[in-house]
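Shown next: final.txt, given as compact mmCIF, C-alpha atoms.
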```txt
# COMPACT_ATOMS: atom_id res chain seq x y z
CA MET R 8 107.88 -20.34 60.93
CA LYS R 9 109.28 -18.20 58.11
CA SER R 10 109.10 -15.17 60.37
CA ARG R 11 111.20 -16.92 63.03
CA VAL R 12 113.81 -17.96 60.45
CA ALA R 13 114.00 -14.42 59.16
CA GLN R 14 114.40 -13.05 62.68
CA ALA R 15 117.18 -15.56 63.44
CA THR R 16 118.98 -14.65 60.23
CA LEU R 17 118.61 -10.97 61.00
CA PHE R 18 120.14 -11.56 64.42
CA ALA R 19 123.06 -13.47 62.89
CA VAL R 20 123.80 -10.69 60.42
CA ALA R 21 123.63 -8.08 63.16
CA LEU R 22 125.99 -10.18 65.25
CA LEU R 23 128.50 -10.35 62.41
CA ILE R 24 128.40 -6.60 62.02
CA GLY R 25 128.96 -6.24 65.74
CA LEU R 26 131.91 -8.62 65.66
CA LEU R 27 133.38 -6.77 62.73
CA GLY R 28 133.01 -3.50 64.62
CA VAL R 29 134.72 -5.03 67.64
CA GLY R 30 137.51 -6.24 65.39
CA GLN R 31 137.93 -2.77 64.01
CA LEU R 32 138.09 -1.30 67.53
CA ASN R 33 140.59 -3.93 68.57
CA SER R 34 142.69 -3.09 65.56
CA GLN R 35 142.61 0.57 66.55
CA ALA R 36 143.58 -0.46 70.09
CA ARG R 37 146.80 -2.01 68.74
CA PRO R 38 148.49 0.93 67.00
CA ILE R 39 151.86 -0.83 67.17
CA ALA R 40 150.63 -3.75 64.98
CA ILE R 41 148.99 -1.39 62.51
CA SER R 42 152.03 0.84 62.42
CA ARG R 43 154.05 -2.05 61.10
CA LEU R 44 151.81 -2.28 57.98
CA SER R 45 152.90 -0.56 54.82
CA ALA R 46 150.78 2.10 53.16
CA THR R 47 149.69 -0.40 50.52
CA GLU R 48 148.74 -2.95 53.15
CA LEU R 49 146.82 -0.36 55.14
CA SER R 50 144.96 0.75 52.00
CA THR R 51 144.07 -2.85 51.20
CA LEU R 52 142.87 -3.47 54.76
CA ILE R 53 140.68 -0.36 54.69
CA GLU R 54 139.19 -1.31 51.34
CA THR R 55 138.51 -4.85 52.57
CA LEU R 56 136.81 -3.64 55.74
CA THR R 57 134.78 -1.07 53.81
CA ALA R 58 133.65 -3.63 51.25
CA ARG R 59 132.77 -6.12 53.97
CA ASN R 60 130.77 -3.50 55.87
CA ARG R 61 128.92 -2.66 52.67
CA GLU R 62 128.09 -6.32 52.05
CA LEU R 63 126.85 -6.84 55.58
CA ARG R 64 124.71 -3.70 55.48
CA SER R 65 123.20 -4.84 52.16
CA GLY R 66 122.53 -8.30 53.58
CA LEU R 67 120.95 -6.80 56.66
CA ALA R 68 118.68 -4.63 54.51
CA ASP R 69 117.62 -7.67 52.48
CA ILE R 70 116.82 -9.66 55.61
CA ARG R 71 114.80 -6.76 57.02
CA GLU R 72 112.81 -6.57 53.78
CA GLN R 73 112.16 -10.33 53.85
CA LEU R 74 111.05 -10.08 57.46
CA ARG R 75 108.69 -7.25 56.53
CA GLN R 76 107.23 -9.33 53.69
CA TYR R 77 106.74 -12.31 56.01
CA GLU R 78 104.98 -10.12 58.55
CA VAL R 79 102.69 -8.73 55.82
CA SER R 80 102.05 -12.07 54.13
CA GLY R 81 101.09 -13.73 57.41
CA PRO R 82 97.70 -11.98 57.78
CA GLN R 83 97.17 -12.17 54.01
CA GLY R 84 97.76 -15.92 54.09
CA GLU R 85 95.30 -16.35 56.94
CA SER R 86 92.77 -14.26 55.02
CA ALA R 87 93.22 -16.36 51.86
CA LEU R 88 92.88 -19.54 53.92
CA GLN R 89 89.66 -18.25 55.45
CA VAL R 90 88.29 -17.44 51.98
CA SER R 91 89.21 -20.94 50.78
CA ARG R 92 87.47 -22.50 53.77
CA GLU R 93 84.35 -20.42 53.13
CA ASP R 94 84.34 -21.42 49.43
CA LEU R 95 84.72 -25.08 50.39
CA ARG R 96 81.88 -24.77 52.90
CA ARG R 97 79.55 -23.31 50.26
CA ILE R 98 80.51 -25.89 47.64
CA THR R 99 80.05 -28.70 50.15
CA ALA R 100 76.66 -27.39 51.24
CA PHE R 101 75.14 -26.73 47.83
CA GLY R 102 76.71 -29.83 46.32
CA GLY R 103 74.57 -31.88 48.69
CA LEU R 104 77.23 -32.92 51.19
CA ALA R 105 75.93 -30.71 54.01
CA PRO R 106 72.56 -29.33 55.18
CA VAL R 107 71.50 -25.93 53.87
CA ASP R 108 69.03 -23.30 54.97
CA GLY R 109 67.48 -20.36 53.15
CA GLN R 110 64.33 -18.84 51.77
CA GLY R 111 62.41 -20.58 49.02
CA ILE R 112 59.17 -22.47 48.38
CA VAL R 113 57.38 -25.55 49.72
CA MET R 114 55.23 -27.66 47.41
CA ASP R 115 52.71 -30.17 48.78
CA VAL R 116 51.76 -32.80 46.21
CA ASP R 117 48.88 -35.24 46.57
CA GLY R 118 48.01 -37.39 43.57
CA ASP R 119 48.93 -40.13 41.17
CA LEU R 120 52.21 -38.78 39.83
CA ASP R 121 54.60 -41.08 38.03
CA ALA R 122 58.42 -40.90 38.00
CA ILE R 123 58.42 -38.78 34.83
CA ALA R 124 56.16 -36.17 36.47
CA VAL R 125 58.37 -36.02 39.57
CA ASN R 126 61.46 -35.55 37.42
CA ASP R 127 59.66 -32.82 35.48
CA LEU R 128 58.90 -30.94 38.71
CA ILE R 129 62.51 -31.22 39.87
CA ASN R 130 63.91 -30.12 36.52
CA GLU R 131 61.52 -27.18 36.35
CA LEU R 132 62.78 -26.00 39.75
CA ARG R 133 66.39 -26.39 38.62
CA ASN R 134 65.68 -24.37 35.48
CA ALA R 135 63.98 -21.71 37.61
CA GLY R 136 67.19 -21.26 39.63
CA ALA R 137 66.65 -23.47 42.66
CA GLU R 138 69.92 -23.73 44.59
CA ALA R 139 68.95 -26.83 46.56
CA ILE R 140 66.00 -29.26 46.41
CA ALA R 141 64.64 -32.07 48.55
CA VAL R 142 61.69 -34.44 48.17
CA ASP R 143 60.30 -35.80 51.45
CA GLY R 144 63.68 -35.24 53.10
CA VAL R 145 65.66 -36.82 50.25
CA ARG R 146 68.25 -34.30 49.10
CA ILE R 147 68.37 -34.00 45.33
CA THR R 148 71.86 -34.06 43.83
CA ALA R 149 73.21 -34.10 40.29
CA ARG R 150 72.81 -37.89 40.15
CA SER R 151 69.29 -38.05 41.65
CA VAL R 152 66.62 -39.42 39.30
CA ALA R 153 63.11 -40.58 40.17
CA ILE R 154 62.40 -44.13 38.97
CA GLU R 155 59.46 -46.50 39.10
CA GLY R 156 60.14 -48.95 41.91
CA PRO R 157 58.33 -52.23 42.62
CA ARG R 158 55.77 -50.54 44.87
CA ALA R 159 56.24 -46.79 44.47
CA ILE R 160 58.41 -44.08 42.97
CA GLU R 161 61.97 -44.17 44.29
CA LEU R 162 64.52 -41.40 44.70
CA ASP R 163 68.06 -42.49 45.57
CA GLY R 164 66.63 -45.80 46.76
CA ILE R 165 63.98 -44.14 48.99
CA GLU R 166 60.29 -44.69 48.25
CA VAL R 167 58.12 -41.63 47.63
CA GLY R 168 54.39 -42.02 48.25
CA GLU R 169 51.47 -40.39 46.49
CA ARG R 170 51.63 -37.62 49.06
CA PHE R 171 54.99 -35.90 49.30
CA THR R 172 56.51 -32.51 50.01
CA LEU R 173 58.97 -30.90 47.65
CA GLN R 174 61.15 -28.10 49.08
CA ALA R 175 63.42 -25.77 47.17
CA ILE R 176 65.81 -23.01 48.23
CA GLY R 177 66.09 -19.98 45.97
CA SER R 178 64.29 -16.77 45.11
CA PRO R 179 60.73 -17.29 46.42
CA ASP R 180 59.21 -15.01 43.79
CA GLY R 181 61.22 -16.49 40.94
CA LEU R 182 60.51 -20.10 41.89
CA LEU R 183 56.83 -19.51 42.56
CA GLY R 184 56.38 -17.58 39.32
CA ALA R 185 58.08 -20.30 37.28
CA MET R 186 55.98 -23.09 38.76
CA GLU R 187 52.62 -21.28 38.55
CA ARG R 188 53.03 -19.57 35.18
CA PRO R 189 50.26 -20.21 32.64
CA GLY R 190 51.15 -23.22 30.54
CA GLY R 191 53.84 -24.19 33.03
CA ILE R 192 54.61 -27.58 34.49
CA ILE R 193 51.81 -27.53 37.08
CA SER R 194 49.21 -26.50 34.51
CA GLN R 195 50.37 -29.32 32.23
CA LEU R 196 50.34 -31.94 34.98
CA GLU R 197 46.84 -31.00 36.11
CA LEU R 198 45.56 -31.63 32.57
CA PHE R 199 46.71 -35.23 32.45
CA ILE R 200 47.18 -36.36 36.07
CA LYS R 201 44.69 -36.35 38.90
CA ALA R 202 46.65 -34.50 41.54
CA THR R 203 46.53 -31.52 43.84
CA ILE R 204 49.62 -29.32 44.02
CA GLN R 205 49.78 -26.47 46.50
CA ILE R 206 52.73 -24.09 46.72
CA HIS R 207 53.64 -21.42 49.23
CA GLN R 208 56.69 -19.27 49.84
CA ALA R 209 58.78 -19.82 52.96
CA ALA R 210 61.19 -17.49 54.71
CA SER R 211 63.24 -20.43 55.96
CA VAL R 212 63.62 -23.80 54.26
CA ARG R 213 66.04 -26.30 55.77
CA LEU R 214 67.23 -29.20 53.64
CA PRO R 215 69.29 -32.17 54.87
CA ALA R 216 72.52 -33.46 53.37
CA SER R 217 72.40 -36.33 50.91
CA ALA R 218 72.69 -39.77 52.47
CA LEU R 219 74.60 -41.00 49.41
CA SER R 220 78.34 -41.02 48.88
CA LEU R 221 78.96 -38.40 46.21
CA GLU R 222 82.59 -39.28 45.60
CA PRO R 223 83.18 -39.88 41.87
CA ALA R 224 84.02 -43.46 40.96
CA VAL R 225 85.79 -42.64 37.68
CA GLY R 226 86.47 -38.93 37.36
CA LYS R 227 89.39 -37.27 39.13
CA PRO R 228 90.11 -33.57 39.84
CA VAL R 229 92.46 -31.89 37.37
CA GLU R 230 95.43 -30.31 39.11
```

Entire entry expressed as structure tokens:
Amino acid sequence: MKSRVAQATLFAVALLIGLLGVGQLNSQARPIAISRLSATELSTLIETLTARNRELRSGLADIREQLRQYEVSGPQGESALQVSREDLRRITAFGGLAPVDGQGIVMDVDGDLDAIAVNDLINELRNAGAEAIAVDGVRITARSVAIEGPRAIELDGIEVGERFTLQAIGSPDGLLGAMERPGGIISQLELFIKATIQIHQAASVRLPASALSLEPAVGKPVE
């Protein structure tokens, strides 16, 4: 839109210069009318025409520069918009609002874990650098906390049985090393809870989006 306005303005300025040139030619075509002017009047006319030509040329140069800037800023604006869209897509995905896919680990748990133990596993993965986590298809977000429900552990209102699968996206080596390190969370759980926990790396882990509405109820973005 800006480019079209600049082009229209450029055309208008060029038209004015053309009209002024025609006026000058017409003046030269009427030597009798000019001959009637005094030397002072002729000098004033010449100075006026010269000044006006200078102003129009300066205006034309400014318009050309604006047009050039619009033509350059067009692709740059599209590029910035594309970057913003890509940033928004990543934030949306890893904030839990969209599915994500990537390498990571898969943990199969079978045993009598309580809500505290499940939260400990999730927090250990977060501390190890997990970028996204899900438990039995329930996407873990910043507000997800395992609680003791009437019949079973619940995550975001979804029951989790004694057997469940925990998936995490991140560095496979880093996540696996953190979970299996001596004295780590798995070693501690196996001392106090009767459970079997098996972990393996995965080249592709796909996690769903959260089923919850993640829109803040109180907080607002700062402009």

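In this comparison, which uses only C-alpha atoms, the residue of R:Arg59, R:Arg213, R:Arg64, R:His207 approaching Gly184 of chain R most closely is R:His207.
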
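Put simply, atom CA of Val152 of chain R is 6.7 Å away from atom CA of Asn126 of chain R.
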
Nearest residue to Glu131 of chain R from the set R:Ile98, R:Met186, R:Leu162, R:Val107 (distances using all atoms listed in the file): R:Met186

Residue contacts of segment 174-180 of chain R (12 Å, only C-alpha atoms) excluding same-chain residues fewer than 2 positions away, as JSON, numbers by chain: {"R": [101, 106, 107, 108, 109, 110, 111, 112, 113, 114, 115, 116, 128, 129, 130, 131, 132, 133, 134, 135, 136, 137, 138, 139, 140, 141, 142, 143, 144, 145, 146, 147, 171, 172, 182, 183, 184, 185, 186, 187, 188, 205, 206, 207, 208, 209, 210, 211, 212, 213, 214, 215]}

Pro157 of chain R surroundings by all atoms listed in the file, 12 Å radius, close-in-sequence under 6 positions cut, as an MDAnalysis selection string: chainID R and resid 164:167

Atomic distance atom CA of Arg158 of chain R - atom CA of Glu197 of chain R, expressed in Å with one decimal: 23.2 Å

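Across the structure, atom CA of Arg92 of chain R and atom CA of Gln76 of chain R are spaced 23.7 Å apart.
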
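For Lys201 of chain R, the set of protein, DNA and RNA residues having any atom at most 9 Å away, when counting all atoms listed in the file and skipping those fewer than 3 positions along the same chain, is Asp117, Gly118, Asp119, Leu120, Leu196, Glu197 and Leu198 of chain R.
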
Would you mind putting back N, CA and C atoms on segment 162-189 of chain R, then writing it out as a CSV table (one decimal), in the frame of the given file?
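Output below, filename part.csv:
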```csv
chain,number,residue,atom,x,y,z
R,162,LEU,N,63.5,-42.4,44.9
R,162,LEU,CA,64.5,-41.4,44.7
R,162,LEU,C,65.7,-41.8,45.5
R,163,ASP,N,66.8,-42.1,44.9
R,163,ASP,CA,68.1,-42.5,45.6
R,163,ASP,C,67.8,-43.7,46.5
R,164,GLY,N,66.9,-44.6,46.0
R,164,GLY,CA,66.6,-45.8,46.8
R,164,GLY,C,65.6,-45.6,47.8
R,165,ILE,N,65.0,-44.4,48.0
R,165,ILE,CA,64.0,-44.1,49.0
R,165,ILE,C,62.6,-44.0,48.3
R,166,GLU,N,61.6,-44.7,48.8
R,166,GLU,CA,60.3,-44.7,48.2
R,166,GLU,C,59.6,-43.4,48.5
R,167,VAL,N,58.9,-42.9,47.5
R,167,VAL,CA,58.1,-41.6,47.6
R,167,VAL,C,56.7,-42.0,47.4
R,168,GLY,N,55.8,-41.7,48.4
R,168,GLY,CA,54.4,-42.0,48.2
R,168,GLY,C,53.6,-41.1,47.4
R,169,GLU,N,52.3,-41.3,47.3
R,169,GLU,CA,51.5,-40.4,46.5
R,169,GLU,C,51.4,-39.0,47.1
R,170,ARG,N,51.5,-38.9,48.4
R,170,ARG,CA,51.6,-37.6,49.1
R,170,ARG,C,53.1,-37.4,49.4
R,171,PHE,N,53.6,-36.2,48.9
R,171,PHE,CA,55.0,-35.9,49.3
R,171,PHE,C,55.1,-34.4,49.3
R,172,THR,N,56.2,-33.9,49.9
R,172,THR,CA,56.5,-32.5,50.0
R,172,THR,C,57.8,-32.2,49.3
R,173,LEU,N,57.8,-31.3,48.4
R,173,LEU,CA,59.0,-30.9,47.6
R,173,LEU,C,59.4,-29.5,48.1
R,174,GLN,N,60.6,-29.4,48.6
R,174,GLN,CA,61.2,-28.1,49.1
R,174,GLN,C,62.3,-27.6,48.2
R,175,ALA,N,62.4,-26.3,48.0
R,175,ALA,CA,63.4,-25.8,47.2
R,175,ALA,C,63.9,-24.4,47.8
R,176,ILE,N,65.2,-24.3,47.8
R,176,ILE,CA,65.8,-23.0,48.2
R,176,ILE,C,66.2,-22.2,47.0
R,177,GLY,N,65.8,-20.9,47.1
R,177,GLY,CA,66.1,-20.0,46.0
R,177,GLY,C,65.2,-18.7,46.1
R,178,SER,N,65.2,-17.9,45.1
R,178,SER,CA,64.3,-16.8,45.1
R,178,SER,C,62.8,-17.2,45.2
R,179,PRO,N,62.1,-16.9,46.3
R,179,PRO,CA,60.7,-17.3,46.4
R,179,PRO,C,59.9,-16.8,45.3
R,180,ASP,N,60.0,-15.5,44.9
R,180,ASP,CA,59.2,-15.0,43.8
R,180,ASP,C,59.5,-15.7,42.5
R,181,GLY,N,60.8,-15.9,42.2
R,181,GLY,CA,61.2,-16.5,40.9
R,181,GLY,C,60.8,-17.9,40.8
R,182,LEU,N,60.9,-18.7,41.9
R,182,LEU,CA,60.5,-20.1,41.9
R,182,LEU,C,59.0,-20.2,41.8
R,183,LEU,N,58.3,-19.4,42.6
R,183,LEU,CA,56.8,-19.5,42.6
R,183,LEU,C,56.3,-19.1,41.2
R,184,GLY,N,56.8,-18.0,40.6
R,184,GLY,CA,56.4,-17.6,39.3
R,184,GLY,C,56.6,-18.6,38.2
R,185,ALA,N,57.8,-19.3,38.3
R,185,ALA,CA,58.1,-20.3,37.3
R,185,ALA,C,57.1,-21.5,37.4
R,186,MET,N,56.8,-21.9,38.6
R,186,MET,CA,56.0,-23.1,38.8
R,186,MET,C,54.5,-22.8,38.4
R,187,GLU,N,54.0,-21.6,38.7
R,187,GLU,CA,52.6,-21.3,38.6
R,187,GLU,C,52.3,-20.5,37.3
R,188,ARG,N,53.3,-20.3,36.4
R,188,ARG,CA,53.0,-19.6,35.2
R,188,ARG,C,52.0,-20.3,34.3
R,189,PRO,N,51.2,-19.6,33.6
R,189,PRO,CA,50.3,-20.2,32.6
R,189,PRO,C,51.0,-21.1,31.6
```
